[in-house]
>>> print(open('upload.txt').read())   # compact mmCIF, C-alpha atoms and all ligand atoms
# COMPACT_ATOMS: atom_id res chain seq x y z
CA MET A 1 306.87 146.90 -69.48
CA ARG A 2 304.19 149.63 -69.28
CA VAL A 3 301.37 148.27 -67.16
CA GLU A 4 298.03 149.80 -66.21
CA VAL A 5 296.35 148.22 -63.20
CA LEU A 6 292.61 148.84 -63.07
CA GLY A 7 291.46 149.09 -59.46
CA ALA A 8 293.20 150.74 -56.50
CA GLY A 9 292.18 148.27 -53.83
CA ILE A 10 294.74 146.37 -51.78
CA VAL A 11 295.24 143.85 -54.62
CA GLY A 12 295.70 146.36 -57.46
CA LEU A 13 297.95 148.61 -55.38
CA THR A 14 300.13 145.72 -54.21
CA VAL A 15 300.43 144.43 -57.77
CA ALA A 16 301.52 147.87 -58.99
CA ASP A 17 303.98 148.24 -56.11
CA GLU A 18 305.57 144.87 -56.93
CA LEU A 19 305.82 145.77 -60.62
CA LEU A 20 307.48 149.10 -59.78
CA ARG A 21 309.93 147.30 -57.48
CA ARG A 22 310.86 145.03 -60.37
CA GLY A 23 311.57 148.01 -62.60
CA HIS A 24 308.38 148.10 -64.66
CA ASP A 25 306.39 151.23 -65.39
CA ALA A 26 303.12 150.71 -63.49
CA VAL A 27 300.16 153.03 -62.96
CA VAL A 28 296.90 152.30 -61.14
CA VAL A 29 293.61 153.57 -62.55
CA ASP A 30 290.72 154.24 -60.18
CA PRO A 31 288.46 157.26 -59.80
CA ARG A 32 287.91 156.41 -56.10
CA PRO A 33 291.10 154.78 -54.82
CA ALA A 34 290.91 152.40 -51.87
CA ARG A 35 287.19 152.85 -51.26
CA GLY A 36 285.97 149.40 -52.30
CA ALA A 37 286.16 146.12 -50.37
CA SER A 38 289.59 147.04 -48.93
CA TYR A 39 287.96 149.99 -47.18
CA ALA A 40 285.61 147.64 -45.35
CA ALA A 41 288.06 144.78 -44.74
CA ALA A 42 289.08 143.90 -41.20
CA GLY A 43 292.56 142.83 -42.33
CA MET A 44 292.60 139.30 -40.94
CA LEU A 45 295.71 137.50 -42.15
CA SER A 46 294.04 134.24 -41.25
CA PRO A 47 294.46 131.40 -43.71
CA ALA A 48 293.63 128.84 -41.01
CA ALA A 49 290.81 130.68 -39.20
CA GLU A 50 289.07 131.42 -42.51
CA VAL A 51 289.36 127.98 -44.13
CA TRP A 52 286.62 125.36 -44.31
CA TYR A 53 286.17 121.90 -45.79
CA GLY A 54 286.46 121.96 -49.59
CA GLU A 55 288.55 125.18 -49.51
CA GLU A 56 291.92 123.66 -48.71
CA ASP A 57 293.61 125.61 -51.53
CA VAL A 58 292.93 128.76 -49.53
CA LEU A 59 295.04 127.28 -46.73
CA ARG A 60 297.98 126.59 -49.05
CA LEU A 61 297.82 129.94 -50.85
CA GLY A 62 296.99 131.95 -47.75
CA THR A 63 299.84 130.40 -45.79
CA ALA A 64 302.26 131.23 -48.62
CA SER A 65 300.96 134.81 -48.76
CA LEU A 66 301.06 135.25 -44.97
CA ARG A 67 304.81 134.57 -45.16
CA LEU A 68 305.16 137.53 -47.54
CA TRP A 69 303.29 139.97 -45.29
CA PRO A 70 306.08 140.81 -42.77
CA ALA A 71 308.34 142.12 -45.55
CA LEU A 72 305.46 144.01 -47.18
CA ALA A 73 304.39 145.56 -43.86
CA ASP A 74 308.01 146.59 -43.22
CA ARG A 75 308.25 148.27 -46.61
CA LEU A 76 304.98 150.09 -46.07
CA GLY A 77 305.76 151.02 -42.47
CA VAL A 78 302.50 149.55 -41.18
CA GLU A 79 302.02 147.47 -38.06
CA LEU A 80 301.52 143.73 -38.35
CA ARG A 81 299.84 142.32 -35.24
CA ARG A 82 301.07 138.77 -34.76
CA ALA A 83 299.32 137.47 -31.64
CA GLY A 84 297.48 134.73 -33.57
CA THR A 85 293.77 133.98 -33.80
CA LEU A 86 291.62 132.49 -31.07
CA LEU A 87 288.75 130.38 -32.41
CA VAL A 88 285.95 130.15 -29.89
CA GLY A 89 282.73 128.20 -29.57
CA TYR A 90 280.09 129.85 -27.41
CA ASP A 91 278.04 126.76 -26.67
CA ALA A 92 278.66 123.04 -27.06
CA ALA A 93 277.42 122.94 -30.68
CA ASP A 94 279.58 125.95 -31.56
CA LEU A 95 282.56 124.20 -29.99
CA GLN A 96 281.95 121.26 -32.30
CA GLN A 97 282.46 123.67 -35.23
CA VAL A 98 285.78 124.69 -33.70
CA ALA A 99 286.78 121.06 -33.19
CA ARG A 100 285.95 120.21 -36.83
CA GLN A 101 287.99 123.13 -38.05
CA ALA A 102 290.91 122.22 -35.77
CA GLU A 103 290.72 118.66 -37.12
CA LEU A 104 290.90 119.94 -40.72
CA LEU A 105 293.86 122.14 -39.86
CA THR A 106 295.78 119.43 -38.01
CA ARG A 107 295.21 117.09 -40.95
CA HIS A 108 296.96 119.68 -43.11
CA GLY A 109 299.87 120.04 -40.70
CA HIS A 110 298.75 123.27 -39.03
CA ASP A 111 299.06 124.04 -35.36
CA ALA A 112 295.53 124.26 -33.88
CA ARG A 113 295.63 123.72 -30.11
CA LEU A 114 292.24 122.91 -28.60
CA LEU A 115 291.54 124.74 -25.35
CA ASP A 116 288.92 124.32 -22.67
CA ARG A 117 286.95 127.19 -21.12
CA ALA A 118 289.75 128.03 -18.68
CA GLY A 119 292.35 127.82 -21.46
CA VAL A 120 290.66 130.41 -23.67
CA ARG A 121 290.02 132.76 -20.76
CA GLU A 122 293.63 132.52 -19.72
CA LEU A 123 294.55 133.93 -23.15
CA GLU A 124 291.72 136.47 -23.24
CA PRO A 125 290.48 137.15 -19.68
CA ALA A 126 287.66 139.48 -20.81
CA LEU A 127 286.09 136.76 -22.98
CA ALA A 128 282.64 135.53 -21.94
CA ARG A 129 282.25 132.07 -20.37
CA VAL A 130 282.43 130.26 -23.71
CA ALA A 131 282.52 126.48 -24.07
CA GLY A 132 286.11 126.43 -25.40
CA GLY A 133 288.19 127.11 -28.45
CA ALA A 134 291.48 126.68 -30.28
CA LEU A 135 294.55 128.85 -30.67
CA LEU A 136 296.00 129.39 -34.16
CA PRO A 137 299.32 130.88 -33.16
CA GLY A 138 300.76 131.74 -36.57
CA GLU A 139 298.11 134.21 -37.67
CA ALA A 140 298.25 137.99 -37.87
CA SER A 141 296.27 141.08 -38.82
CA VAL A 142 296.94 144.41 -40.46
CA ASP A 143 294.94 147.62 -40.87
CA PRO A 144 294.01 147.56 -44.59
CA ARG A 145 293.27 151.29 -44.66
CA ALA A 146 296.77 152.05 -43.33
CA ALA A 147 298.26 149.62 -45.86
CA CYS A 148 296.34 151.20 -48.75
CA ASP A 149 297.32 154.72 -47.64
CA ALA A 150 300.98 153.67 -47.58
CA LEU A 151 300.65 152.04 -51.01
CA LEU A 152 298.94 155.14 -52.41
CA ALA A 153 301.98 157.16 -51.33
CA ARG A 154 304.23 154.84 -53.39
CA VAL A 155 302.18 154.08 -56.47
CA PRO A 156 300.96 156.58 -59.11
CA VAL A 157 297.16 156.60 -59.49
CA ARG A 158 295.02 158.32 -62.10
CA GLY A 159 291.31 158.49 -62.75
CA GLU A 160 291.16 157.31 -66.38
CA PRO A 161 292.99 154.65 -68.42
CA ALA A 162 295.55 156.03 -70.89
CA GLY A 163 296.73 152.82 -72.57
CA ALA A 164 299.69 150.51 -71.84
CA ASP A 165 301.40 147.31 -73.05
CA VAL A 166 299.47 145.26 -70.49
CA THR A 167 296.32 145.85 -68.45
CA VAL A 168 295.83 144.10 -65.11
CA VAL A 169 292.16 144.01 -64.11
CA ALA A 170 291.95 144.21 -60.30
CA THR A 171 288.48 145.68 -59.91
CA GLY A 172 287.30 143.17 -57.30
CA ALA A 173 283.62 142.36 -57.52
CA ARG A 174 282.91 144.47 -60.61
CA LEU A 175 284.73 143.10 -63.63
CA PRO A 176 284.31 144.62 -67.09
CA GLU A 177 282.95 142.56 -69.99
CA PRO A 178 283.62 139.85 -71.07
CA TRP A 179 284.59 138.71 -67.53
CA THR A 180 281.68 140.23 -65.59
CA HIS A 181 279.98 136.87 -65.03
CA LEU A 182 283.07 135.35 -63.39
CA VAL A 183 282.70 137.34 -60.17
CA SER A 184 279.63 138.16 -58.10
CA GLY A 185 279.15 140.37 -55.05
CA VAL A 186 278.71 138.90 -51.59
CA ARG A 187 277.71 141.69 -49.25
CA GLY A 188 279.70 142.03 -46.05
CA GLU A 189 278.53 144.40 -43.33
CA ILE A 190 281.18 145.32 -40.81
CA LEU A 191 281.36 147.55 -37.73
CA ARG A 192 284.12 149.62 -36.17
CA LEU A 193 284.09 150.19 -32.43
CA ARG A 194 286.34 151.69 -29.79
CA SER A 195 286.62 149.68 -26.58
CA ASP A 196 288.31 150.28 -23.23
CA ASP A 197 288.86 146.51 -22.93
CA PRO A 198 289.63 145.06 -26.37
CA PRO A 199 290.97 141.57 -27.11
CA GLU A 200 294.70 141.05 -27.50
CA ARG A 201 294.35 138.93 -30.64
CA THR A 202 291.81 138.22 -33.37
CA VAL A 203 288.86 136.34 -31.90
CA ARG A 204 286.75 134.40 -34.35
CA GLY A 205 283.77 132.55 -33.02
CA TRP A 206 280.36 131.05 -33.39
CA VAL A 207 277.56 132.14 -31.10
CA ALA A 208 274.57 129.81 -31.33
CA GLY A 209 275.58 129.14 -34.93
CA GLU A 210 276.18 132.82 -35.82
CA PRO A 211 279.74 133.44 -37.05
CA VAL A 212 281.43 136.63 -35.86
CA TYR A 213 284.96 137.98 -35.51
CA LEU A 214 286.67 140.73 -33.54
CA VAL A 215 289.91 142.14 -34.87
CA PRO A 216 291.75 144.51 -32.50
CA ARG A 217 294.11 147.21 -33.75
CA GLY A 218 296.04 147.52 -30.48
CA ASP A 219 294.82 151.02 -29.57
CA GLY A 220 291.24 150.32 -28.50
CA ARG A 221 289.84 150.11 -32.03
CA VAL A 222 288.06 146.82 -32.73
CA VAL A 223 286.58 145.71 -36.04
CA VAL A 224 283.54 143.44 -35.72
CA GLY A 225 282.51 141.46 -38.78
CA ALA A 226 281.00 140.37 -40.88
CA THR A 227 277.72 139.39 -42.50
CA SER A 228 277.81 137.45 -45.76
CA GLU A 229 274.95 137.62 -48.20
CA GLN A 230 274.57 137.26 -51.96
CA HIS A 231 272.50 140.10 -53.42
CA ASP A 232 272.06 142.17 -56.57
CA GLY A 233 271.82 145.79 -55.37
CA GLU A 234 274.34 148.26 -53.97
CA PRO A 235 275.73 147.08 -50.62
CA VAL A 236 274.16 148.89 -47.66
CA VAL A 237 274.30 148.31 -43.92
CA THR A 238 270.99 146.84 -42.80
CA ALA A 239 269.55 147.17 -39.32
CA GLY A 240 269.24 143.39 -39.14
CA GLY A 241 272.86 142.81 -40.16
CA ALA A 242 274.23 145.31 -37.63
CA LEU A 243 271.97 143.89 -34.92
CA ARG A 244 273.12 140.31 -35.53
CA LEU A 245 276.79 141.29 -35.48
CA LEU A 246 276.49 143.35 -32.32
CA ALA A 247 274.44 140.71 -30.52
CA ALA A 248 276.90 137.92 -31.36
CA ALA A 249 279.98 140.05 -30.63
CA ARG A 250 278.63 141.18 -27.26
CA GLU A 251 277.85 137.60 -26.25
CA LEU A 252 281.52 136.76 -26.83
CA TRP A 253 282.93 140.00 -25.51
CA PRO A 254 280.66 141.59 -22.87
CA ALA A 255 282.88 144.71 -22.56
CA LEU A 256 281.62 145.75 -26.01
CA ASP A 257 278.48 146.93 -24.23
CA ARG A 258 280.45 150.05 -23.24
CA ALA A 259 282.22 150.44 -26.58
CA GLU A 260 281.68 153.44 -28.84
CA LEU A 261 280.12 152.44 -32.15
CA VAL A 262 282.26 154.39 -34.61
CA GLU A 263 281.32 153.19 -38.06
CA ALA A 264 279.17 150.74 -40.00
CA THR A 265 280.25 149.88 -43.53
CA ALA A 266 279.05 147.53 -46.26
CA ARG A 267 280.92 146.43 -49.35
CA ASP A 268 280.72 143.52 -51.77
CA ARG A 269 283.25 140.73 -51.48
CA PRO A 270 284.25 139.53 -54.95
CA ALA A 271 283.25 135.86 -55.09
CA THR A 272 283.99 133.25 -57.76
CA VAL A 273 282.13 129.95 -58.14
CA ASP A 274 284.99 127.89 -56.71
CA GLY A 275 285.99 130.35 -53.97
CA LEU A 276 289.44 130.98 -55.43
CA PRO A 277 290.66 134.17 -57.08
CA LEU A 278 291.35 134.71 -60.75
CA VAL A 279 295.05 135.43 -61.18
CA GLY A 280 296.56 135.10 -64.63
CA PRO A 281 295.68 135.23 -68.31
CA SER A 282 292.24 136.56 -69.17
CA GLY A 283 291.94 134.97 -72.61
CA VAL A 284 292.40 138.39 -74.24
CA ASP A 285 295.94 139.32 -75.32
CA GLY A 286 297.53 141.93 -73.10
CA VAL A 287 294.94 141.59 -70.32
CA VAL A 288 295.65 139.79 -67.04
CA LEU A 289 293.14 139.25 -64.22
CA ALA A 290 293.84 139.72 -60.51
CA ALA A 291 290.33 139.65 -59.04
CA GLY A 292 287.73 137.54 -57.25
CA HIS A 293 289.57 137.25 -53.92
CA HIS A 294 286.32 136.82 -51.95
CA ARG A 295 287.17 136.75 -48.19
CA HIS A 296 290.92 136.80 -48.71
CA GLY A 297 291.92 139.94 -50.62
CA VAL A 298 294.11 141.43 -47.90
CA LEU A 299 295.71 138.10 -47.05
CA LEU A 300 296.39 137.12 -50.67
CA ALA A 301 297.52 140.54 -51.94
CA PRO A 302 301.30 139.99 -51.72
CA LEU A 303 301.12 136.51 -53.25
CA THR A 304 298.88 137.82 -56.03
CA ALA A 305 301.38 140.61 -56.70
CA GLN A 306 304.20 138.09 -57.05
CA LEU A 307 302.14 135.79 -59.26
CA VAL A 308 301.08 138.62 -61.58
CA ALA A 309 304.63 139.98 -61.87
CA ASP A 310 306.02 136.46 -62.47
CA HIS A 311 303.34 135.83 -65.08
CA LEU A 312 304.14 139.03 -66.93
CA GLU A 313 307.87 138.25 -66.87
CA THR A 314 307.89 134.49 -67.51
CA GLY A 315 304.36 133.39 -68.46
CA ALA A 316 304.09 131.27 -65.27
CA VAL A 317 300.55 130.60 -63.95
CA ASP A 318 299.36 128.88 -60.74
CA ALA A 319 296.90 126.32 -62.13
CA ALA A 320 294.54 126.64 -59.14
CA LEU A 321 294.10 130.35 -59.85
CA ASP A 322 294.24 130.33 -63.66
CA PRO A 323 291.12 132.26 -64.78
CA ARG A 324 290.76 129.90 -67.75
CA ARG A 325 289.69 127.10 -65.35
CA LEU A 326 286.25 128.72 -65.11
CA GLU A 327 285.83 128.84 -68.88
CA ALA A 328 286.81 125.18 -69.44
CA PRO A 329 284.22 123.16 -71.41
CA ILE A 330 282.07 120.88 -69.24
CA PRO A 331 283.31 117.29 -69.73
CA VAL A 332 280.89 114.91 -71.51
CA ASN A 333 280.61 111.26 -70.31
CA GLY A 334 283.24 111.71 -67.63
CA GLY A 335 285.41 113.71 -70.01
CA ASP A 336 288.36 111.32 -70.30
CA ARG A 337 287.67 109.55 -73.60
N1 LIG B 1 287.95 137.80 -44.27
C1 LIG B 1 286.89 138.31 -43.53
C2 LIG B 1 285.63 138.49 -44.25
O1 LIG B 1 285.57 138.31 -45.45
O2 LIG B 1 284.66 138.80 -43.62
>>> encode(input="upload.txt", output="structure tokens", more="lines below")
Ligand code: GLY
Amino acid sequence: MRVEVLGAGIVGLTVADELLRRGHDAVVVDPRPARGASYAAAGMLSPAAEVWYGEEDVLRLGTASLRLWPALADRLGVELRRAGTLLVGYDAADLQQVARQAELLTRHGHDARLLDRAGVRELEPALARVAGGALLPGEASVDPRAACDALLARVPVRGEPAGADVTVVATGARLPEPWTHLVSGVRGEILRLRSDDPPERTVRGWVAGEPVYLVPRGDGRVVVGATSEQHDGEPVVTAGGALRLLAAARELWPALDRAELVEATARDRPATVDGLPLVGPSGVDGVVLAAGHHRHGVLLAPLTAQLVADHLETGAVDAALDPRRLEAPIPVNGGDR
């Protein structure tokens, strides 16, 4: 099959790589490869740390995709950090958030060990004196820029479409018509620092209600994210956003006071109304969607690649991700007559 994938972010590139592995003829089209949301992303492979009530499908899909990451990272020759995620609550109310999340995870059969103040500091001695937390041992992280660079070395990319049997639309938050309305941008501002005392594992916390995460790369680099805000304009880093992130991160990790601030980036996350991506038939013959991954593009990339390739080969669709679910007519009178 000759396939053109529109969008050279982590999703589009991973889809093309999977198609090439399966013997198809795949090309990615993007005038600015790997400069969208994947360029900003921290690379948390955190289905459990990033889930919340009402989003349980993310847990199922993210857990399935996390299992595919070790093989993908091996193929790409990029490091997968597998020290888990430490959820932390700065004060007593923040710790209640952690406890609620741990309760949700345990209910779904996930390991979420609650820890007191001493327990979290035993794992991360440079952490501030937080109220407590929970360890999610199965989680990992990857550097999305390194992954995209490795994919760009394997996958042909060109600037303009040239026509193919099938088009896969993987343009993240900016979908062409007639699908534009299915995805909207949620700005994320994110900072890159270099610290002489970074955490060992991903630390995701609440500080007086403010969510923040620190994702270490293992060489002193630490990614601190991320704001989340619906807006209409181009994403820019605001002074207020950077200030909130730095203030919350430093409360959790006092050593950041000495860290070098290397970069501040803003990109739009591609959000759908139900928080799940669009993976499957678009309603137009020969066009398949692989977009709208919101907070989970890096995590869900390998699963999306498999689902798209399976769909093209067999017609299979995961009902939870089927783009047609968002176009379904609204039921009248309960809808079951
Ligand atoms: N998955 C991290 C974020 O969206 O900020």
>>> closest_residue(input="upload.txt", among="A:Gly12, A:Gly62, A:Pro137, A:Pro176", to="ligand LIG 1 (chain B)", atoms="all atoms listed in the file")
A:Gly62
>>> residues_near_ligand(input="upload.txt", ligand="ligand LIG 1 (chain B)", cutoff="6 Å", atoms="only C-alpha atoms and all ligand atoms", output="NGL selection string")
:A and (44 or 225-226 or 295-296)
>>> closest_residue(input="upload.txt", among="A:Gly286, A:Gly233, A:Pro198, A:Pro254", to="Arg129 of chain A", atoms="all atoms listed in the file")
A:Pro254
>>> closest_residue(input="upload.txt", among="A:Val142, A:Ile190, A:Val279, A:Leu127", to="Asp322 of chain A", atoms="only C-alpha atoms")
A:Val279
>>> residues_around(input="upload.txt", residues="Leu243 of chain A", least_positions_apart="3", cutoff="12 Å", atoms="only C-alpha atoms", output="list of chain:residue names")
A:Glu189, A:Ile190, A:Leu191, A:Glu210, A:Val212, A:Val224, A:Gly225, A:Ala226, A:Thr227, A:Val237, A:Thr238, A:Ala239, A:Gly240, A:Leu246, A:Ala247, A:Ala248, A:Ala249, A:Arg250, A:Ala264
>>> closest_residue(input="upload.txt", among="A:Ala150, A:Glu55, A:Leu252, A:Ala242", to="Pro277 of chain A", atoms="only C-alpha atoms")
A:Glu55
>>> residues_around(input="upload.txt", residues="segment 152-160 of chain A", least_positions_apart="5", cutoff="9 Å", atoms="all atoms listed in the file", output="list in words")
Ala8, Leu13, Thr14, Ala16, Asp17, Leu20, Ala26, Val27, Val28, Val29, Asp30, Pro31, Arg32, Pro33, Ala34, Leu76 and Ala147 of chain A
>>> atom_distance(input="upload.txt", atom1="atom CA of Leu115 of chain A", atom2="atom CA of Tyr90 of chain A")
12.7 Å
>>> closest_residue(input="upload.txt", among="A:Leu59, A:Val88, A:Arg107, A:Asp285", to="Gly119 of chain A", atoms="all atoms listed in the file")
A:Val88
>>> residues_around(input="upload.txt", residues="segment 93-99 of chain A", least_positions_apart="4", cutoff="10 Å", atoms="only C-alpha atoms", output="PyMOL selection string")
chain A and resi 49+87-89+103-105+112-116+130-134+204-211
>>> atom_distance(input="upload.txt", atom1="atom CA of Gly9 of chain A", atom2="atom CA of Ala40 of chain A")
10.7 Å
>>> closest_residue(input="upload.txt", among="A:His311, A:His294, A:Arg325, A:Arg217", to="Arg187 of chain A", atoms="all atoms listed in the file")
A:His294
>>> atom_distance(input="upload.txt", atom1="atom CA of Ala83 of chain A", atom2="atom CA of Val58 of chain A")
20.9 Å
>>> residues_around(input="upload.txt", residues="Glu79 of chain A", least_positions_apart="2", cutoff="10 Å", atoms="all atoms listed in the file", output="PDB file with C-alpha atoms, in the frame of the given file")
ATOM      1  CA  PRO A  70     306.080 140.810 -42.770  1.00  0.00           C
ATOM      2  CA  ALA A  73     304.390 145.560 -43.860  1.00  0.00           C
ATOM      3  CA  ASP A  74     308.010 146.590 -43.220  1.00  0.00           C
ATOM      4  CA  LEU A  76     304.980 150.090 -46.070  1.00  0.00           C
ATOM      5  CA  GLY A  77     305.760 151.020 -42.470  1.00  0.00           C
ATOM      6  CA  ARG A  81     299.840 142.320 -35.240  1.00  0.00           C
ATOM      7  CA  ARG A  82     301.070 138.770 -34.760  1.00  0.00           C
ATOM      8  CA  SER A 141     296.270 141.080 -38.820  1.00  0.00           C
ATOM      9  CA  VAL A 142     296.940 144.410 -40.460  1.00  0.00           C
ATOM     10  CA  ASP A 143     294.940 147.620 -40.870  1.00  0.00           C
ATOM     11  CA  ALA A 146     296.770 152.050 -43.330  1.00  0.00           C
ATOM     12  CA  ALA A 147     298.260 149.620 -45.860  1.00  0.00           C
ATOM     13  CA  ARG A 217     294.110 147.210 -33.750  1.00  0.00           C
ATOM     14  CA  GLY A 218     296.040 147.520 -30.480  1.00  0.00           C
TER      15      GLY A 218
END
>>> residues_around(input="upload.txt", residues="Val3 of chain A", least_positions_apart="6", cutoff="7 Å", atoms="all atoms listed in the file", output="PyMOL selection string")
chain A and resi 25-27+164-167
>>> decode(input="upload.txt", residues="segment 94-112 of chain A", atoms="N, CA, C and O atoms", output="short mmCIF file (atom, residue, chain, number, x, y, z; two decimals), in the first residue's frame")
data_model
loop_
_atom_site.label_atom_id
_atom_site.label_comp_id
_atom_site.auth_asym_id
_atom_site.auth_seq_id
_atom_site.Cartn_x
_atom_site.Cartn_y
_atom_site.Cartn_z
N ASP A 94 -3.17 18.52 49.08
CA ASP A 94 -2.53 17.93 47.89
C ASP A 94 -2.39 16.42 48.04
O ASP A 94 -2.55 15.66 47.07
N LEU A 95 -2.10 15.99 49.26
CA LEU A 95 -1.95 14.55 49.49
C LEU A 95 -3.28 13.82 49.31
O LEU A 95 -3.31 12.67 48.89
N GLN A 96 -4.37 14.53 49.60
CA GLN A 96 -5.69 13.92 49.34
C GLN A 96 -5.87 13.64 47.85
O GLN A 96 -6.47 12.64 47.47
N GLN A 97 -5.38 14.54 47.00
CA GLN A 97 -5.42 14.31 45.55
C GLN A 97 -4.67 13.02 45.21
O GLN A 97 -5.14 12.21 44.43
N VAL A 98 -3.49 12.88 45.80
CA VAL A 98 -2.68 11.68 45.55
C VAL A 98 -3.44 10.44 46.01
O VAL A 98 -3.50 9.43 45.29
N ALA A 99 -4.04 10.53 47.18
CA ALA A 99 -4.76 9.36 47.72
C ALA A 99 -5.94 8.99 46.84
O ALA A 99 -6.22 7.80 46.60
N ARG A 100 -6.64 10.00 46.30
CA ARG A 100 -7.78 9.71 45.40
C ARG A 100 -7.30 9.04 44.13
O ARG A 100 -7.91 8.11 43.62
N GLN A 101 -6.17 9.53 43.61
CA GLN A 101 -5.64 8.94 42.39
C GLN A 101 -5.17 7.50 42.66
O GLN A 101 -5.43 6.59 41.86
N ALA A 102 -4.52 7.30 43.79
CA ALA A 102 -4.05 5.95 44.14
C ALA A 102 -5.24 5.01 44.28
O ALA A 102 -5.20 3.84 43.87
N GLU A 103 -6.34 5.54 44.83
CA GLU A 103 -7.54 4.71 45.02
C GLU A 103 -8.10 4.30 43.65
O GLU A 103 -8.45 3.14 43.43
N LEU A 104 -8.15 5.25 42.72
CA LEU A 104 -8.62 4.96 41.35
C LEU A 104 -7.74 3.89 40.71
O LEU A 104 -8.23 2.94 40.09
N LEU A 105 -6.44 4.03 40.89
CA LEU A 105 -5.51 3.10 40.25
C LEU A 105 -5.63 1.71 40.85
O LEU A 105 -5.66 0.70 40.13
N THR A 106 -5.72 1.64 42.17
CA THR A 106 -5.83 0.32 42.82
C THR A 106 -7.12 -0.36 42.39
O THR A 106 -7.13 -1.57 42.14
N ARG A 107 -8.18 0.45 42.26
CA ARG A 107 -9.46 -0.12 41.82
C ARG A 107 -9.33 -0.77 40.44
O ARG A 107 -10.02 -1.72 40.11
N HIS A 108 -8.42 -0.24 39.63
CA HIS A 108 -8.22 -0.79 38.29
C HIS A 108 -7.03 -1.76 38.24
O HIS A 108 -6.52 -2.05 37.16
N GLY A 109 -6.61 -2.23 39.42
CA GLY A 109 -5.59 -3.28 39.46
C GLY A 109 -4.17 -2.78 39.27
O GLY A 109 -3.27 -3.58 38.98
N HIS A 110 -3.93 -1.47 39.45
CA HIS A 110 -2.58 -0.95 39.29
C HIS A 110 -1.88 -0.81 40.64
O HIS A 110 -2.52 -0.52 41.64
N ASP A 111 -0.58 -0.97 40.60
CA ASP A 111 0.23 -0.85 41.79
C ASP A 111 0.43 0.64 42.09
O ASP A 111 1.01 1.36 41.27
N ALA A 112 -0.09 1.12 43.23
CA ALA A 112 0.09 2.53 43.62
C ALA A 112 0.32 2.56 45.12
O ALA A 112 -0.61 2.68 45.90
#
